[in-house]
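Let me begin by presenting the structure, written as structure tokens, before commenting on it.
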Amino acid sequence: MQTTTPSQDIADLIARCALRDRVAFRSLYERTSAKLFGVTLRILKDRSEAEEAIQEIYVKIWQRADRYVAGNTSPISWLVAVARNHSLDILRARRPAADDIDVALEIPDSGPTPERAAEDNEEKGRIEQCLGTLEPDRAAAVRGAYLDGYSYEELASRFAVPLNTMRTWLRRSLIKLKDCLTT
């Protein structure tokens with residue numbers, strides 16, 4: 001039996017969030033929100049502002065989970081970076097607008113660099129390629145569950161299979177995708 005580390009568990013939850021797994025997102029929130037709230041509160045120094053910011057941070061995590069590349073950084077470091085950057089953006093927004101255009105030139109672009117955009121496209125291509133290795137009905141079920149937000153019950157009905165069969169399809173498909181993406 002292979003055991004996983006907490007770091008691997010969090011990386012797996014982020015990967016499942018990239019596939020729009022709401023259960024994984026809930027679990028990721030439960031396991032990491034206290035730490036991210038602490039980071040946010042330490043930067044913003046205002047509890048109510050930090051509480052509002054943490055909601056926005058998890059929206060960003062949900063939207064950008066596909067940008068996390070396992071192995072480049074630890075998953076908790078990536079999550080902390082998202083929280084830290086968002087908190088710093090809030091601090092920057094507090095500052096009065098500068099009249100001098102030269103000040104605007106010093107503000108870093110928050111969008112992805114061309115290299116990062118290319119990496120993101122490459123990663124998206126790898127995910128699509130790995131989805132292509134699944135049987136068509138399994139790939140459609142994975143897309144339905146994790147991209148379109150259908151429940152297991154809705155998918156079981158759509159594919160005319162028992163609920164437990166659908167759960168097995170999705171679990172095995174995620175394992176295959178993970179194996180494909182790590183090779």
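Ordering of the structure tokens sets the chain letters (A, B, ...), residue numbers begin anew at 1 in every chain, and ligands are numbered from 1 in the order given.
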Set the distance at 10 Å and use only C-alpha atoms: which residues neighbour Trp78 (chain A) once local chain neighbours fewer than 5 positions away are removed? I'd like the list as an MDAnalysis selection string. chainID A and resid 11 61 65 67:70 72:73 83:84
Give me a file of those residues, with N, CA and C atoms, as a compact mmCIF listing (two decimals), in the first residue's frame.
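And here's part.txt as it stands now:
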```txt
# COMPACT_ATOMS: atom_id res chain seq x y z
N ALA A 11 -1.53 18.60 -3.57
CA ALA A 11 -1.29 18.68 -5.01
C ALA A 11 -2.38 17.93 -5.77
N ILE A 61 -8.12 30.52 -6.82
CA ILE A 61 -7.56 29.17 -6.80
C ILE A 61 -8.40 28.25 -7.66
N ALA A 65 -6.51 26.77 -10.87
CA ALA A 65 -5.92 25.51 -10.42
C ALA A 65 -5.17 24.80 -11.54
N ARG A 67 -3.24 26.05 -13.55
CA ARG A 67 -1.92 26.66 -13.73
C ARG A 67 -0.86 26.07 -12.79
N TYR A 68 -1.29 25.37 -11.78
CA TYR A 68 -0.34 24.76 -10.86
C TYR A 68 0.32 23.56 -11.55
N VAL A 69 1.64 23.55 -11.55
CA VAL A 69 2.40 22.46 -12.13
C VAL A 69 3.10 21.72 -11.00
N ALA A 70 2.64 20.51 -10.74
CA ALA A 70 3.24 19.71 -9.65
C ALA A 70 4.72 19.51 -9.93
N ASN A 72 7.12 21.80 -9.72
CA ASN A 72 7.82 23.08 -9.82
C ASN A 72 7.94 23.74 -8.45
N THR A 73 6.86 23.76 -7.70
CA THR A 73 6.85 24.30 -6.34
C THR A 73 5.96 23.40 -5.49
N ALA A 83 -2.46 33.70 -2.34
CA ALA A 83 -3.01 34.51 -1.24
C ALA A 83 -2.18 35.78 -1.04
N ARG A 84 -0.87 35.63 -1.03
CA ARG A 84 0.03 36.77 -0.82
C ARG A 84 -0.15 37.80 -1.94
```
List every residue of region 35-145 of chain A that DSSP, applied to the backbone of this structure, places in helix (DSSP H, G or I), and write the result as a PyMOL selection string. chain A and resi 35-44+47-67+75-94+101-105+114-132+136-145
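With only C-alpha atoms as the basis for measurement, A:Asp12 is the residue among A:Asp137, A:Glu154, A:Asp12, A:Asp148 that approaches Gly71 (chain A) most closely.
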Using only C-alpha atoms: which of A:Val59, A:Pro136, A:Arg94, A:Ile43 has the shortest distance to Tyr29 (chain A):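 Closest residue, counting only C-alpha atoms: A:Val59.
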I'd like the contact shell of Arg158 (chain A) - 12 Å cut-off, only C-alpha atoms, skipping same-chain residues fewer than 4 positions apart - returned as a PyMOL selection string. chain A and resi 137+140-141+144-145+150-154+162-163+166
Quick one: of A:Asp66, A:Ser74, A:Val161, A:Asn85, who's nearest to Asn121 (chain A), counting only C-alpha atoms?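 So, comparing all the options, the nearest one is A:Asp66.
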I need the residue nearest Arg172 (chain A) from this list: A:Val142, A:Leu28, A:Leu13, A:Ile57. Use only C-alpha atoms for the distance.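 When distances to Arg172 (chain A) are compared using only C-alpha atoms, the smallest one comes from A:Val142.
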Under the rule that only C-alpha atoms are counted, which of A:Ala160, A:Leu131, A:Leu79, A:Ile175 is the nearest residue to Phe37 (chain A)?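 For Phe37 (chain A), the nearest of the given residues is A:Leu79.
You can rank A:Ser110, A:Gln63, A:Ser173, A:Thr165 by their closest distance to Gly132 (chain A) using only C-alpha atoms, and at the top of that list sits A:Ser173.
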Nearby residues (only C-alpha atoms) at most 10 Å from Leu41 (chain A), same-chain spacing under 5 positions excluded, as a VMD selection string: chain A and resid 35 to 36 46 to 51 53 to 54 84 87
Pull N, CA, C and O atoms from the residues just selected and write them as a short mmCIF file (atom, residue, chain, number, x, y, z; two decimals), in the first residue's frame.
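Full text of part-v8.cif as output:
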```
data_model
loop_
_atom_site.label_atom_id
_atom_site.label_comp_id
_atom_site.auth_asym_id
_atom_site.auth_seq_id
_atom_site.Cartn_x
_atom_site.Cartn_y
_atom_site.Cartn_z
N LYS A 35 -4.38 28.40 7.13
CA LYS A 35 -3.04 28.91 6.81
C LYS A 35 -3.13 30.13 5.88
O LYS A 35 -2.47 31.15 6.12
N LEU A 36 -3.95 30.03 4.84
CA LEU A 36 -4.06 31.15 3.90
C LEU A 36 -4.70 32.36 4.56
O LEU A 36 -4.35 33.50 4.25
N ASP A 46 -6.27 43.57 8.87
CA ASP A 46 -7.66 43.92 9.10
C ASP A 46 -8.49 42.64 8.92
O ASP A 46 -8.57 42.10 7.82
N ARG A 47 -9.10 42.18 10.00
CA ARG A 47 -9.79 40.89 9.98
C ARG A 47 -10.93 40.85 8.96
O ARG A 47 -11.05 39.90 8.20
N SER A 48 -11.78 41.86 8.94
CA SER A 48 -12.92 41.83 8.02
C SER A 48 -12.44 41.89 6.57
O SER A 48 -13.01 41.22 5.70
N GLU A 49 -11.41 42.66 6.30
CA GLU A 49 -10.86 42.73 4.95
C GLU A 49 -10.22 41.39 4.56
O GLU A 49 -10.34 40.94 3.43
N ALA A 50 -9.56 40.75 5.52
CA ALA A 50 -8.95 39.44 5.27
C ALA A 50 -10.02 38.38 5.02
O ALA A 50 -9.84 37.51 4.16
N GLU A 51 -11.14 38.46 5.74
CA GLU A 51 -12.22 37.49 5.52
C GLU A 51 -12.81 37.63 4.12
O GLU A 51 -13.12 36.64 3.46
N ALA A 53 -11.18 38.92 1.56
CA ALA A 53 -10.11 38.56 0.62
C ALA A 53 -9.97 37.06 0.48
O ALA A 53 -9.72 36.55 -0.62
N ILE A 54 -10.15 36.31 1.57
CA ILE A 54 -9.96 34.86 1.51
C ILE A 54 -10.98 34.23 0.57
O ILE A 54 -10.68 33.27 -0.15
N ARG A 84 -0.87 35.63 -1.03
CA ARG A 84 0.03 36.77 -0.82
C ARG A 84 -0.15 37.80 -1.94
O ARG A 84 -0.29 39.00 -1.68
N SER A 87 -3.43 39.62 -1.65
CA SER A 87 -3.39 40.55 -0.51
C SER A 87 -2.57 41.79 -0.86
O SER A 87 -2.95 42.92 -0.52
#
```
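Relative to CA of Lys60 (chain A), CA of Asp89 (chain A) is found at 13.0 Å.
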